[in-house]
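structure.txt follows; it contains compact mmCIF, C-alpha atoms.
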# COMPACT_ATOMS: atom_id res chain seq x y z
CA MET A 1 109.93 67.89 70.88
CA ARG A 2 106.17 68.08 70.48
CA ARG A 3 105.70 66.60 73.98
CA MET A 4 108.10 69.20 75.41
CA ASP A 5 106.22 72.01 73.62
CA THR A 6 102.98 70.77 75.17
CA ARG A 7 104.48 70.87 78.66
CA VAL A 8 105.81 74.38 78.11
CA LEU A 9 102.41 75.53 76.85
CA ALA A 10 100.65 73.96 79.84
CA GLY A 11 103.06 75.64 82.24
CA ALA A 12 102.59 79.02 80.57
CA LEU A 13 98.81 78.67 80.77
CA ALA A 14 99.05 77.81 84.48
CA VAL A 15 101.13 80.93 85.15
CA ILE A 16 98.67 83.10 83.23
CA CYS A 17 95.77 81.59 85.19
CA LEU A 18 97.52 82.31 88.51
CA LEU A 19 98.16 85.91 87.50
CA LEU A 20 94.53 86.36 86.55
CA THR A 21 92.99 84.72 89.62
CA GLY A 22 95.54 85.59 92.32
CA PRO A 23 96.84 83.27 95.03
CA SER A 24 94.52 80.58 96.28
CA ALA A 25 94.18 79.32 99.81
CA PRO A 26 95.98 76.08 100.68
CA SER A 27 93.73 73.13 101.33
CA GLY A 28 91.90 73.66 104.62
CA ASP A 29 92.31 77.45 104.73
CA PRO A 30 89.30 79.70 104.22
CA ALA A 31 89.46 81.92 101.18
CA PRO A 32 91.38 85.18 101.79
CA HIS A 33 89.12 88.14 102.43
CA PRO A 34 89.47 90.92 99.86
CA LEU A 35 90.60 94.21 101.32
CA PRO A 36 88.77 97.51 100.71
CA THR A 37 90.07 99.75 97.97
CA ASP A 38 91.49 102.22 100.47
CA ALA A 39 93.39 99.59 102.46
CA ALA A 40 97.06 100.09 103.29
CA THR A 41 99.51 98.60 100.79
CA GLY A 42 102.20 97.77 103.35
CA PHE A 43 103.17 98.51 106.93
CA VAL A 44 102.08 102.03 107.88
CA ALA A 45 104.96 103.74 109.65
CA ASN A 46 104.23 105.03 113.17
CA ARG A 47 100.77 103.41 113.31
CA VAL A 48 99.85 101.44 116.44
CA MET A 49 96.70 99.50 117.16
CA THR A 50 94.89 97.78 120.02
CA TRP A 51 92.17 95.13 119.68
CA ASN A 52 90.43 92.69 121.99
CA ILE A 53 89.76 89.88 119.53
CA CYS A 54 88.07 87.12 121.51
CA ASN A 55 84.32 87.37 121.36
CA PRO A 56 83.38 85.02 119.98
CA CYS A 57 86.29 82.70 120.74
CA ARG A 58 87.02 79.53 118.78
CA SER A 59 84.54 80.36 116.01
CA SER A 60 85.32 78.76 112.69
CA GLY A 61 86.76 81.08 110.03
CA GLN A 62 87.15 84.10 112.32
CA ASN A 63 90.93 84.36 112.03
CA MET A 64 91.00 85.07 108.30
CA GLY A 65 88.60 87.96 108.92
CA ARG A 66 90.72 89.20 111.81
CA ALA A 67 93.82 89.03 109.62
CA ALA A 68 92.02 91.03 106.91
CA ASP A 69 91.00 93.69 109.44
CA ILE A 70 94.60 94.04 110.63
CA ALA A 71 95.89 94.09 107.04
CA THR A 72 93.41 96.82 106.12
CA TYR A 73 95.13 99.23 108.54
CA ALA A 74 98.57 97.51 108.57
CA PRO A 75 99.87 99.07 111.79
CA GLN A 76 103.51 98.88 112.74
CA VAL A 77 102.54 97.59 116.19
CA VAL A 78 99.42 95.60 117.15
CA ALA A 79 98.40 94.80 120.74
CA LEU A 80 95.89 91.96 121.04
CA GLN A 81 93.92 90.98 124.13
CA GLU A 82 91.95 87.82 124.91
CA ALA A 83 94.29 86.20 122.42
CA CYS A 84 94.79 82.45 122.13
CA VAL A 85 98.28 81.50 120.99
CA ARG A 86 96.87 79.19 118.30
CA ASP A 87 94.67 81.98 116.94
CA VAL A 88 97.53 84.49 116.86
CA ASP A 89 99.78 81.98 115.10
CA GLU A 90 97.10 81.47 112.46
CA ILE A 91 96.44 85.19 112.08
CA ARG A 92 100.18 85.84 111.61
CA ARG A 93 100.36 83.11 108.97
CA TYR A 94 97.43 84.59 107.06
CA LEU A 95 98.90 88.09 107.31
CA LYS A 96 102.20 86.93 105.81
CA GLN A 97 100.85 84.48 103.24
CA TYR A 98 97.92 86.44 101.85
CA TYR A 99 98.62 90.08 102.69
CA GLY A 100 102.41 90.29 102.67
CA LEU A 101 102.77 91.48 106.29
CA ASP A 102 105.41 89.56 108.23
CA TYR A 103 105.05 90.40 111.93
CA HIS A 104 107.32 89.51 114.83
CA VAL A 105 105.41 88.34 117.91
CA ALA A 106 105.65 88.29 121.69
CA TYR A 107 103.16 86.33 123.79
CA GLY A 108 101.87 87.27 127.22
CA SER A 109 99.65 84.32 128.09
CA VAL A 110 98.40 84.52 131.68
CA LEU A 111 96.55 81.19 131.76
CA ARG A 112 95.85 78.01 129.83
CA ASN A 113 92.22 77.61 128.93
CA TRP A 114 90.75 74.67 127.06
CA SER A 115 87.21 76.08 126.73
CA ARG A 116 88.50 79.30 125.15
CA CYS A 117 91.58 78.19 123.24
CA GLY A 118 91.14 74.48 122.52
CA GLY A 119 93.88 71.92 122.68
CA LEU A 120 93.77 68.75 124.75
CA PRO A 121 92.09 68.95 128.15
CA TRP A 122 95.45 68.21 129.79
CA HIS A 123 97.32 70.57 127.42
CA PRO A 124 95.05 73.59 126.76
CA GLY A 125 96.05 76.58 124.71
CA GLY A 126 97.69 79.72 126.10
CA TYR A 127 95.42 82.74 126.59
CA GLY A 128 96.18 86.39 127.34
CA GLN A 129 97.95 89.17 125.44
CA ALA A 130 100.09 89.23 122.30
CA ILE A 131 102.07 91.98 120.60
CA LEU A 132 102.79 91.97 116.85
CA SER A 133 105.51 94.27 115.54
CA ALA A 134 106.91 94.98 112.11
CA ALA A 135 110.32 95.53 113.76
CA PRO A 136 112.10 92.98 115.95
CA ILE A 137 110.99 92.68 119.56
CA THR A 138 113.38 92.52 122.52
CA ASP A 139 113.29 92.47 126.33
CA GLY A 140 109.83 90.98 126.63
CA ARG A 141 108.38 90.78 130.13
CA LEU A 142 105.06 89.41 131.37
CA VAL A 143 103.62 90.59 134.68
CA GLU A 144 100.51 89.09 136.22
CA TYR A 145 98.49 91.34 138.48
CA PRO A 146 98.41 90.16 142.11
CA ASP A 147 94.62 90.04 141.85
CA GLY A 148 93.17 89.27 138.43
CA GLY A 149 89.57 89.30 139.50
CA SER A 150 87.39 86.56 138.00
CA GLU A 151 90.36 85.25 135.96
CA ASP A 152 94.09 85.88 135.72
CA ARG A 153 94.99 89.19 134.11
CA GLY A 154 98.27 90.98 133.48
CA TYR A 155 100.36 93.06 131.10
CA LEU A 156 103.04 92.31 128.53
CA GLU A 157 105.81 94.82 127.85
CA VAL A 158 108.41 94.77 125.08
CA THR A 159 110.88 97.06 123.39
CA THR A 160 110.53 97.58 119.66
CA THR A 161 111.31 100.26 117.10
CA VAL A 162 108.82 102.94 116.10
CA ALA A 163 109.83 105.82 113.83
CA GLY A 164 113.41 104.59 113.90
CA ARG A 165 113.73 104.81 117.69
CA PRO A 166 113.31 102.23 120.45
CA VAL A 167 110.18 102.56 122.55
CA ARG A 168 108.62 100.53 125.36
CA VAL A 169 105.23 99.09 124.40
CA PHE A 170 102.72 97.76 126.95
CA ASP A 171 99.69 95.57 126.28
CA THR A 172 97.19 94.99 129.09
CA HIS A 173 93.75 93.67 129.87
CA LEU A 174 92.22 94.71 133.19
CA ALA A 175 89.61 92.90 135.26
CA GLU A 176 86.05 92.59 134.00
CA ARG A 177 83.87 95.68 133.84
CA ARG A 178 81.90 95.04 137.05
CA GLN A 179 85.10 94.58 139.08
CA GLU A 180 86.04 98.21 139.69
CA GLU A 181 87.81 97.55 142.98
CA VAL A 182 90.08 94.96 141.37
CA ARG A 183 90.98 97.33 138.51
CA ALA A 184 91.76 100.02 141.08
CA ARG A 185 94.46 97.71 142.45
CA GLN A 186 95.74 96.71 139.01
CA VAL A 187 96.25 100.15 137.47
CA PRO A 188 98.89 101.32 140.01
CA VAL A 189 100.92 98.17 139.26
CA LEU A 190 100.95 99.05 135.56
CA ALA A 191 101.42 102.79 136.13
CA ALA A 192 104.50 102.26 138.31
CA GLU A 193 106.25 100.46 135.44
CA VAL A 194 105.11 102.95 132.79
CA ALA A 195 106.49 105.80 134.91
CA ARG A 196 110.00 104.33 134.58
CA HIS A 197 110.09 105.17 130.85
CA ASP A 198 110.39 108.57 129.18
CA ARG A 199 108.65 107.23 126.07
CA ALA A 200 106.00 104.56 126.26
CA ILE A 201 102.95 103.33 124.36
CA VAL A 202 100.32 101.68 126.55
CA LEU A 203 97.67 99.75 124.65
CA GLY A 204 94.84 97.59 125.81
CA ASP A 205 91.38 96.89 127.11
CA PHE A 206 91.00 98.70 130.44
CA ASN A 207 87.32 97.77 130.92
CA ALA A 208 86.68 101.29 132.22
CA VAL A 209 85.42 104.56 130.77
CA PRO A 210 87.71 107.63 130.92
CA ASP A 211 86.31 109.18 134.10
CA SER A 212 86.37 105.92 136.07
CA PRO A 213 88.16 106.37 139.41
CA GLU A 214 90.35 103.33 138.77
CA LEU A 215 91.99 105.07 135.78
CA HIS A 216 93.08 108.11 137.79
CA ALA A 217 96.61 106.73 138.17
CA MET A 218 97.09 106.61 134.38
CA TRP A 219 96.08 110.11 133.30
CA PRO A 220 98.97 112.00 135.02
CA LEU A 221 101.44 109.69 133.24
CA ALA A 222 100.03 109.53 129.72
CA THR A 223 97.40 110.98 127.40
CA ASP A 224 95.10 109.15 125.06
CA ALA A 225 95.80 109.44 121.34
CA ASN A 226 92.33 110.93 120.93
CA PRO A 227 92.50 114.53 122.24
CA ALA A 228 88.77 114.41 123.02
CA CYS A 229 89.23 111.40 125.25
CA ARG A 230 89.92 112.67 128.77
CA PRO A 231 88.38 112.11 132.22
CA SER A 232 86.40 115.33 131.74
CA SER A 233 85.37 114.58 128.15
CA GLY A 234 81.69 114.47 129.08
CA GLY A 235 80.84 111.61 126.76
CA ASP A 236 82.71 112.95 123.71
CA CYS A 237 85.12 109.99 123.76
CA GLU A 238 84.18 107.67 120.90
CA PRO A 239 83.00 104.24 122.12
CA THR A 240 85.11 101.19 121.30
CA THR A 241 82.66 98.37 122.08
CA ASP A 242 79.37 97.08 120.76
CA TRP A 243 77.72 98.26 123.99
CA TYR A 244 78.82 101.87 123.38
CA SER A 245 81.52 102.18 126.04
CA ARG A 246 85.07 103.47 125.70
CA PHE A 247 87.14 100.62 127.13
CA ASP A 248 90.10 100.47 124.71
CA TYR A 249 92.92 103.01 124.79
CA VAL A 250 96.14 104.14 123.12
CA PHE A 251 97.91 105.85 126.02
CA LEU A 252 101.03 107.80 125.02
CA ARG A 253 103.87 108.96 127.26
CA GLY A 254 106.44 111.30 125.72
CA ILE A 255 104.79 110.79 122.32
CA THR A 256 102.03 112.61 120.44
CA ALA A 257 99.59 111.43 117.80
CA HIS A 258 98.41 112.93 114.49
CA ALA A 259 95.15 110.97 114.42
CA ASP A 260 93.07 108.40 116.27
CA ARG A 261 90.54 106.10 114.63
CA VAL A 262 87.92 103.62 115.89
CA ARG A 263 86.63 101.07 113.39
CA PRO A 264 83.94 98.42 114.13
CA SER A 265 84.70 94.81 113.24
CA ALA A 266 82.48 91.83 112.50
CA TYR A 267 84.98 89.58 114.30
CA SER A 268 84.83 90.89 117.87
CA ASP A 269 82.55 92.82 120.19
CA HIS A 270 85.42 95.32 120.58
CA HIS A 271 86.28 97.73 117.79
CA VAL A 272 89.68 98.17 116.18
CA VAL A 273 91.41 101.25 117.67
CA TYR A 274 94.51 102.67 116.00
CA ALA A 275 96.54 105.86 116.07
CA ASP A 276 99.10 107.46 113.78
CA LEU A 277 101.92 108.82 115.91
CA ALA A 278 104.04 111.88 115.31
CA PRO A 279 107.74 111.14 114.67
CA LEU A 280 109.57 110.39 117.91
What would the structure in this file look like if it were written as structure tokens?
Amino acid sequence: MRRMDTRVLAGALAVICLLLTGPSAPSGDPAPHPLPTDAATGFVANRVMTWNICNPCRSSGQNMGRAADIATYAPQVVALQEACVRDVDEIRRYLKQYYGLDYHVAYGSVLRNWSRCGGLPWHPGGYGQAILSAAPITDGRLVEYPDGGSEDRGYLEVTTTVAGRPVRVFDTHLAERRQEEVRARQVPVLAAEVARHDRAIVLGDFNAVPDSPELHAMWPLATDANPACRPSSGGDCEPTTDWYSRFDYVFLRGITAHADRVRPSAYSDHHVVYADLAPL
């Protein structure tokens, strides 16, 4: 009986210790990053977010920080660009295990790239877009632009539920910033598909400022979640990159937004951009 009492006491002490210290990282995982005091406590209804996460790519310990940044704002939908499948899988695991956010995922990899995403030289990791959603995802479709520029580029589109209603969500990454002529050919491809939907959310890294000629095909179809962000904004559109350019957008078609926020991150040269949408 005394031996049994000792085991019970040891078990009780272990439980108390866990409650006091919180969950620990499994062997090999970096320690979870603490969230700020004003962080979300669960999925935020009607919140959507876009983030180009890959600069630097393949840096040790980055994914726990990226997961913490996503968990801080806890959007219902997250569009990621320059996303390696392995990184997104790890980020999703951290989000669920340490922050209680269990996202569905759709991948839109446009190429396999060993130097960016690791893997074996003959079996490199997938690289491109990814969409995370608190609600199930259906009808996923990946489209590669006929001309990607210096590397393959495209868009991923899915249907998910926002504010209790189905909506088409797009995630894109256009050609590099010095390839204006390529982007001018890419945007009409995307715009033609967006125009087919009465309600759409178009997220991504467009590598172009609002008054760039190549974005002209988007503005008649959708508005940015930031009311100050228009082709004629005259520089009032808040930058979303470390080099002070507005390249990342939350375009809305048939939907309006209550608020738009841009938040710098230590884990990418692009900032986190999110918007809280009005009920659909």
With segment 37-42 of chain A as the partner and 12 Å as the cut-off, tabulate the residues of segment 100-209 of chain A that qualify, each row holding the nearest pair of atoms and their distance in Å to one decimal, using only C-alpha atoms, sorted by chain and rising number, as a tab-separated table.
residue	atom	partner	partner_atom	distance
A:Gly100	CA	A:Gly42	CA	7.5
A:Leu101	CA	A:Gly42	CA	7.0
A:Asp102	CA	A:Gly42	CA	10.1
A:Tyr103	CA	A:Gly42	CA	11.7
A:Ala134	CA	A:Gly42	CA	10.3
Report task. Take atom CA of Tyr94 of chain A and atom CA of His33 of chain A and report the distance between them in Å, one decimal. Result ->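 So the answer is 10.2 Å.
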Query raised in the report: With only C-alpha atoms as the atoms that count, which of A:Leu111, A:Val272, A:Leu142, A:Leu277 lies nearest to Ala259 of chain A?
Result: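 Of the candidates, the smallest distance to Ala259 of chain A is held by A:Leu277.
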Query raised in the report: Which residues come within 7 Å of Arg246 of chain A, counting all atoms listed in the file, excluding same-chain residues fewer than 3 positions away, as a count of residues only?
Result: 6
**Report entry** All residues 6 Å or closer to Ala83 of chain A, only C-alpha atoms, same chain fewer than 2 positions away omitted, as a ChimeraX atom specification
**Finding:** /A:81,127-129
Query raised in the report: For Pro227 of chain A, which residue among A:Phe251, A:Phe206, A:Phe170, A:Tyr244 is the nearest when counting only C-alpha atoms?
Result: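 Closest to Pro227 of chain A, using only C-alpha atoms: A:Phe251.
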